[in-house]
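One file, work.cif, is given below (mmCIF, N, CA and C atoms).
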```cif
data_input
#
loop_
_atom_site.label_atom_id
_atom_site.label_comp_id
_atom_site.auth_asym_id
_atom_site.auth_seq_id
_atom_site.Cartn_x
_atom_site.Cartn_y
_atom_site.Cartn_z
N MET A 1 -10.28 1.13 -13.03
CA MET A 1 -10.08 1.60 -11.68
C MET A 1 -8.79 2.39 -11.60
N LYS A 2 -8.78 3.43 -10.81
CA LYS A 2 -7.62 4.28 -10.64
C LYS A 2 -6.51 3.53 -9.91
N PRO A 3 -5.26 3.61 -10.40
CA PRO A 3 -4.16 2.96 -9.67
C PRO A 3 -3.97 3.59 -8.29
N VAL A 4 -3.64 2.77 -7.32
CA VAL A 4 -3.47 3.20 -5.95
C VAL A 4 -2.00 3.04 -5.57
N VAL A 5 -1.46 4.04 -4.89
CA VAL A 5 -0.05 3.99 -4.48
C VAL A 5 0.00 3.91 -2.96
N GLY A 6 0.83 2.98 -2.45
CA GLY A 6 0.96 2.82 -1.02
C GLY A 6 2.38 2.42 -0.65
N ILE A 7 2.59 2.18 0.64
CA ILE A 7 3.89 1.81 1.18
C ILE A 7 3.76 0.43 1.84
N VAL A 8 4.73 -0.44 1.59
CA VAL A 8 4.74 -1.77 2.20
C VAL A 8 5.07 -1.60 3.68
N VAL A 9 4.20 -2.11 4.56
CA VAL A 9 4.42 -1.99 6.00
C VAL A 9 4.75 -3.32 6.67
N SER A 10 4.50 -4.43 5.99
CA SER A 10 4.83 -5.74 6.56
C SER A 10 5.08 -6.73 5.44
N ASN A 11 6.14 -7.54 5.61
CA ASN A 11 6.43 -8.60 4.64
C ASN A 11 6.78 -9.90 5.35
N LYS A 12 6.17 -10.16 6.50
CA LYS A 12 6.50 -11.32 7.31
C LYS A 12 5.83 -12.60 6.84
N MET A 13 4.89 -12.50 5.92
CA MET A 13 4.20 -13.68 5.42
C MET A 13 4.89 -14.19 4.16
N GLN A 14 4.65 -15.44 3.83
CA GLN A 14 5.21 -16.00 2.61
C GLN A 14 4.35 -15.57 1.43
N LYS A 15 4.97 -14.96 0.44
CA LYS A 15 4.33 -14.52 -0.80
C LYS A 15 3.20 -13.52 -0.58
N SER A 16 3.24 -12.79 0.52
CA SER A 16 2.22 -11.78 0.80
C SER A 16 2.87 -10.58 1.46
N VAL A 17 2.31 -9.41 1.20
CA VAL A 17 2.75 -8.18 1.86
C VAL A 17 1.52 -7.40 2.30
N VAL A 18 1.69 -6.55 3.31
CA VAL A 18 0.63 -5.66 3.75
C VAL A 18 1.03 -4.26 3.30
N VAL A 19 0.11 -3.59 2.61
CA VAL A 19 0.36 -2.28 2.04
C VAL A 19 -0.58 -1.26 2.68
N ALA A 20 -0.04 -0.11 3.10
CA ALA A 20 -0.85 0.97 3.67
C ALA A 20 -1.02 2.07 2.63
N VAL A 21 -2.26 2.44 2.37
CA VAL A 21 -2.57 3.48 1.39
C VAL A 21 -3.19 4.67 2.14
N ASP A 22 -2.61 5.85 1.97
CA ASP A 22 -3.15 7.07 2.58
C ASP A 22 -4.02 7.81 1.57
N ARG A 23 -5.09 8.41 2.08
CA ARG A 23 -5.95 9.22 1.22
C ARG A 23 -6.41 10.43 2.01
N LEU A 24 -6.62 11.52 1.32
CA LEU A 24 -7.12 12.75 1.92
C LEU A 24 -8.54 13.02 1.43
N PHE A 25 -9.39 13.45 2.34
CA PHE A 25 -10.72 13.88 1.92
C PHE A 25 -11.11 15.12 2.72
N HIS A 26 -11.99 15.88 2.13
CA HIS A 26 -12.41 17.15 2.72
C HIS A 26 -13.63 16.93 3.60
N HIS A 27 -13.55 17.36 4.86
CA HIS A 27 -14.67 17.26 5.79
C HIS A 27 -15.52 18.52 5.62
N LYS A 28 -16.78 18.34 5.28
CA LYS A 28 -17.64 19.48 4.96
C LYS A 28 -18.00 20.32 6.18
N LEU A 29 -18.18 19.69 7.32
CA LEU A 29 -18.58 20.43 8.51
C LEU A 29 -17.41 21.23 9.08
N TYR A 30 -16.25 20.59 9.21
CA TYR A 30 -15.11 21.25 9.83
C TYR A 30 -14.22 21.99 8.83
N ASN A 31 -14.49 21.83 7.54
CA ASN A 31 -13.75 22.50 6.48
C ASN A 31 -12.24 22.24 6.60
N ARG A 32 -11.89 20.98 6.85
CA ARG A 32 -10.50 20.57 6.98
C ARG A 32 -10.29 19.31 6.13
N TYR A 33 -9.03 19.07 5.78
CA TYR A 33 -8.69 17.83 5.11
C TYR A 33 -8.27 16.80 6.16
N ILE A 34 -8.78 15.59 6.01
CA ILE A 34 -8.52 14.51 6.94
C ILE A 34 -7.80 13.39 6.21
N LYS A 35 -6.77 12.84 6.84
CA LYS A 35 -6.00 11.75 6.25
C LYS A 35 -6.45 10.42 6.85
N ARG A 36 -6.79 9.49 6.00
CA ARG A 36 -7.18 8.14 6.42
C ARG A 36 -6.22 7.13 5.81
N THR A 37 -5.92 6.08 6.55
CA THR A 37 -5.02 5.03 6.07
C THR A 37 -5.80 3.73 5.97
N THR A 38 -5.66 3.06 4.84
CA THR A 38 -6.29 1.77 4.62
C THR A 38 -5.19 0.75 4.37
N LYS A 39 -5.28 -0.40 5.05
CA LYS A 39 -4.30 -1.46 4.84
C LYS A 39 -4.95 -2.58 4.05
N PHE A 40 -4.21 -3.16 3.11
CA PHE A 40 -4.70 -4.32 2.39
C PHE A 40 -3.55 -5.26 2.12
N MET A 41 -3.89 -6.50 1.83
CA MET A 41 -2.89 -7.53 1.54
C MET A 41 -2.74 -7.67 0.04
N ALA A 42 -1.49 -7.89 -0.38
CA ALA A 42 -1.21 -8.06 -1.80
C ALA A 42 -0.34 -9.29 -1.99
N HIS A 43 -0.41 -9.86 -3.18
CA HIS A 43 0.36 -11.05 -3.50
C HIS A 43 1.73 -10.65 -4.04
N ASP A 44 2.78 -11.23 -3.48
CA ASP A 44 4.16 -10.99 -3.91
C ASP A 44 4.77 -12.35 -4.22
N GLU A 45 4.76 -12.73 -5.48
CA GLU A 45 5.14 -14.09 -5.89
C GLU A 45 6.58 -14.44 -5.52
N ASN A 46 7.51 -13.50 -5.69
CA ASN A 46 8.92 -13.82 -5.50
C ASN A 46 9.48 -13.35 -4.17
N ASP A 47 8.66 -12.86 -3.26
CA ASP A 47 9.12 -12.32 -1.98
C ASP A 47 10.23 -11.30 -2.17
N GLN A 48 10.03 -10.35 -3.06
CA GLN A 48 11.07 -9.39 -3.37
C GLN A 48 10.86 -8.03 -2.73
N CYS A 49 9.72 -7.78 -2.10
CA CYS A 49 9.45 -6.48 -1.50
C CYS A 49 9.97 -6.43 -0.07
N ASN A 50 10.40 -5.25 0.33
CA ASN A 50 10.84 -4.99 1.69
C ASN A 50 9.98 -3.89 2.29
N ILE A 51 10.07 -3.73 3.60
CA ILE A 51 9.32 -2.69 4.28
C ILE A 51 9.81 -1.33 3.81
N GLY A 52 8.89 -0.44 3.47
CA GLY A 52 9.22 0.89 3.02
C GLY A 52 9.21 1.05 1.51
N ASP A 53 9.03 -0.03 0.77
CA ASP A 53 8.99 0.07 -0.68
C ASP A 53 7.67 0.71 -1.12
N ARG A 54 7.74 1.48 -2.19
CA ARG A 54 6.54 2.08 -2.76
C ARG A 54 5.87 1.05 -3.68
N TYR A 55 4.57 1.00 -3.63
CA TYR A 55 3.81 -0.05 -4.29
C TYR A 55 2.64 0.58 -5.02
N SER A 56 2.37 0.12 -6.23
CA SER A 56 1.16 0.56 -6.93
C SER A 56 0.39 -0.66 -7.39
N LYS A 57 -0.91 -0.58 -7.36
CA LYS A 57 -1.74 -1.74 -7.67
C LYS A 57 -2.96 -1.34 -8.47
N ILE A 58 -3.48 -2.33 -9.15
CA ILE A 58 -4.80 -2.24 -9.77
C ILE A 58 -5.55 -3.48 -9.32
N LYS A 59 -6.75 -3.32 -8.88
CA LYS A 59 -7.52 -4.43 -8.34
C LYS A 59 -7.79 -5.46 -9.44
N THR A 60 -7.59 -6.72 -9.11
CA THR A 60 -7.82 -7.79 -10.07
C THR A 60 -9.24 -8.30 -9.91
N PRO A 61 -9.82 -8.83 -10.97
CA PRO A 61 -11.21 -9.29 -10.87
C PRO A 61 -11.37 -10.55 -10.03
N LEU A 62 -10.34 -11.38 -9.93
CA LEU A 62 -10.45 -12.62 -9.17
C LEU A 62 -9.68 -12.50 -7.87
N LYS A 63 -10.28 -12.93 -6.78
CA LYS A 63 -9.59 -12.92 -5.50
C LYS A 63 -8.72 -14.16 -5.39
N ILE A 64 -7.55 -14.00 -4.78
CA ILE A 64 -6.66 -15.14 -4.57
C ILE A 64 -7.16 -15.95 -3.38
N ILE A 65 -7.29 -15.27 -2.24
CA ILE A 65 -7.90 -15.86 -1.06
C ILE A 65 -8.86 -14.82 -0.50
N GLU A 66 -9.44 -15.10 0.63
CA GLU A 66 -10.48 -14.21 1.15
C GLU A 66 -9.94 -12.82 1.49
N ARG A 67 -8.73 -12.74 2.08
CA ARG A 67 -8.21 -11.45 2.52
C ARG A 67 -7.29 -10.79 1.51
N LYS A 68 -6.79 -11.53 0.55
CA LYS A 68 -5.83 -11.00 -0.41
C LYS A 68 -6.54 -10.73 -1.72
N ASN A 69 -6.61 -9.47 -2.15
CA ASN A 69 -7.46 -9.15 -3.28
C ASN A 69 -6.74 -8.48 -4.44
N CYS A 70 -5.41 -8.51 -4.48
CA CYS A 70 -4.74 -7.88 -5.60
C CYS A 70 -3.34 -8.46 -5.78
N PHE A 71 -2.80 -8.25 -6.95
CA PHE A 71 -1.46 -8.72 -7.28
C PHE A 71 -0.47 -7.57 -7.19
N MET A 72 0.79 -7.91 -7.00
CA MET A 72 1.88 -6.95 -7.08
C MET A 72 2.07 -6.58 -8.53
N LEU A 73 1.83 -5.37 -8.92
CA LEU A 73 2.04 -4.97 -10.31
C LEU A 73 3.44 -4.41 -10.50
N ASN A 74 3.79 -3.41 -9.75
CA ASN A 74 5.15 -2.91 -9.79
C ASN A 74 5.46 -2.26 -8.46
N TYR A 75 6.74 -2.24 -8.14
CA TYR A 75 7.15 -1.62 -6.90
C TYR A 75 8.49 -0.95 -7.14
N ARG A 76 8.82 0.00 -6.31
CA ARG A 76 10.09 0.70 -6.40
C ARG A 76 10.71 0.72 -5.02
N SER A 77 11.92 0.23 -4.92
CA SER A 77 12.61 0.21 -3.65
C SER A 77 13.08 1.61 -3.31
N LEU A 78 12.76 2.05 -2.11
CA LEU A 78 13.19 3.36 -1.65
C LEU A 78 14.49 3.21 -0.87
N VAL A 79 15.54 3.82 -1.35
CA VAL A 79 16.83 3.71 -0.69
C VAL A 79 17.00 4.92 0.22
N ARG A 80 17.25 4.64 1.48
CA ARG A 80 17.46 5.71 2.45
C ARG A 80 18.96 5.86 2.68
N VAL A 81 19.45 7.04 2.37
CA VAL A 81 20.88 7.29 2.51
C VAL A 81 21.10 8.10 3.78
N GLY A 82 21.94 7.60 4.66
CA GLY A 82 22.21 8.30 5.91
C GLY A 82 23.40 9.23 5.77
N ARG A 83 23.46 10.19 6.64
CA ARG A 83 24.59 11.12 6.64
C ARG A 83 25.77 10.49 7.35
N GLU A 84 26.93 10.75 6.82
CA GLU A 84 28.15 10.31 7.49
C GLU A 84 28.66 11.45 8.35
N THR A 85 29.04 11.13 9.59
CA THR A 85 29.52 12.17 10.47
C THR A 85 31.01 12.12 10.62
#
```
How does the structure come out when it is put into structure tokens?
Amino acid sequence: MKPVVGIVVSNKMQKSVVVAVDRLFHHKLYNRYIKRTTKFMAHDENDQCNIGDRYSKIKTPLKIIERKNCFMLNYRSLVRVGRET
């Protein structure tokens, strides 16, 4: 399966995060590209992810629970640097 890249949008649960994945597809009738967002839950064993982190996953063959269907494979913290005035 192709690796999927998304952004962590919620980390309020214990050992779980919600990840939003954006995808583009071409609409044949309107001849435009449309962006769709899919949210899914992922397992985060050490509670190390924060909101805004980039996340990549590969679907695992075994489900952890009914709504959580993948493990945290790797993530990269995105550091936002503000301007000093």
(message) Can you tell me which residues surround segment 12-19 of chain A at a distance of at most 10 Å, considering only C-alpha atoms, apart from same-chain residues fewer than 5 positions away, and format the answer as a VMD selection string?
(response) chain A and resid 5 to 7 37 to 57 68 71 to 72
(request) May I ask for the distance between atom CA of Arg23 of chain A and atom CA of Asn11 of chain A, given in Å to one decimal place? (result) 22.0 Å
Six-sided padding of 8 Å per side, axis-aligned box over segment 34-41 of chain A, centre and edges in Å, one decimal, as JSON:
```
{"center_x": -5.8, "center_y": 4.0, "center_z": 3.5, "size_x": 22.0, "size_y": 39.3, "size_z": 22.9}
```
(message) as a PyMOL selection string, please: every residue in segment 11-60 of chain A that a backbone DSSP assignment puts in strand (DSSP E or B).
(response) chain A and resi 16-27+32-43+54-57+59
(request) Could you check how far atom CA of Val9 of chain A sits from atom CA of Val21 of chain A, in Å to one decimal? (result) 10.0 Å
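In this model, the gap between atom CA of Val8 of chain A and atom N of Lys28 of chain A comes to 29.6 Å.
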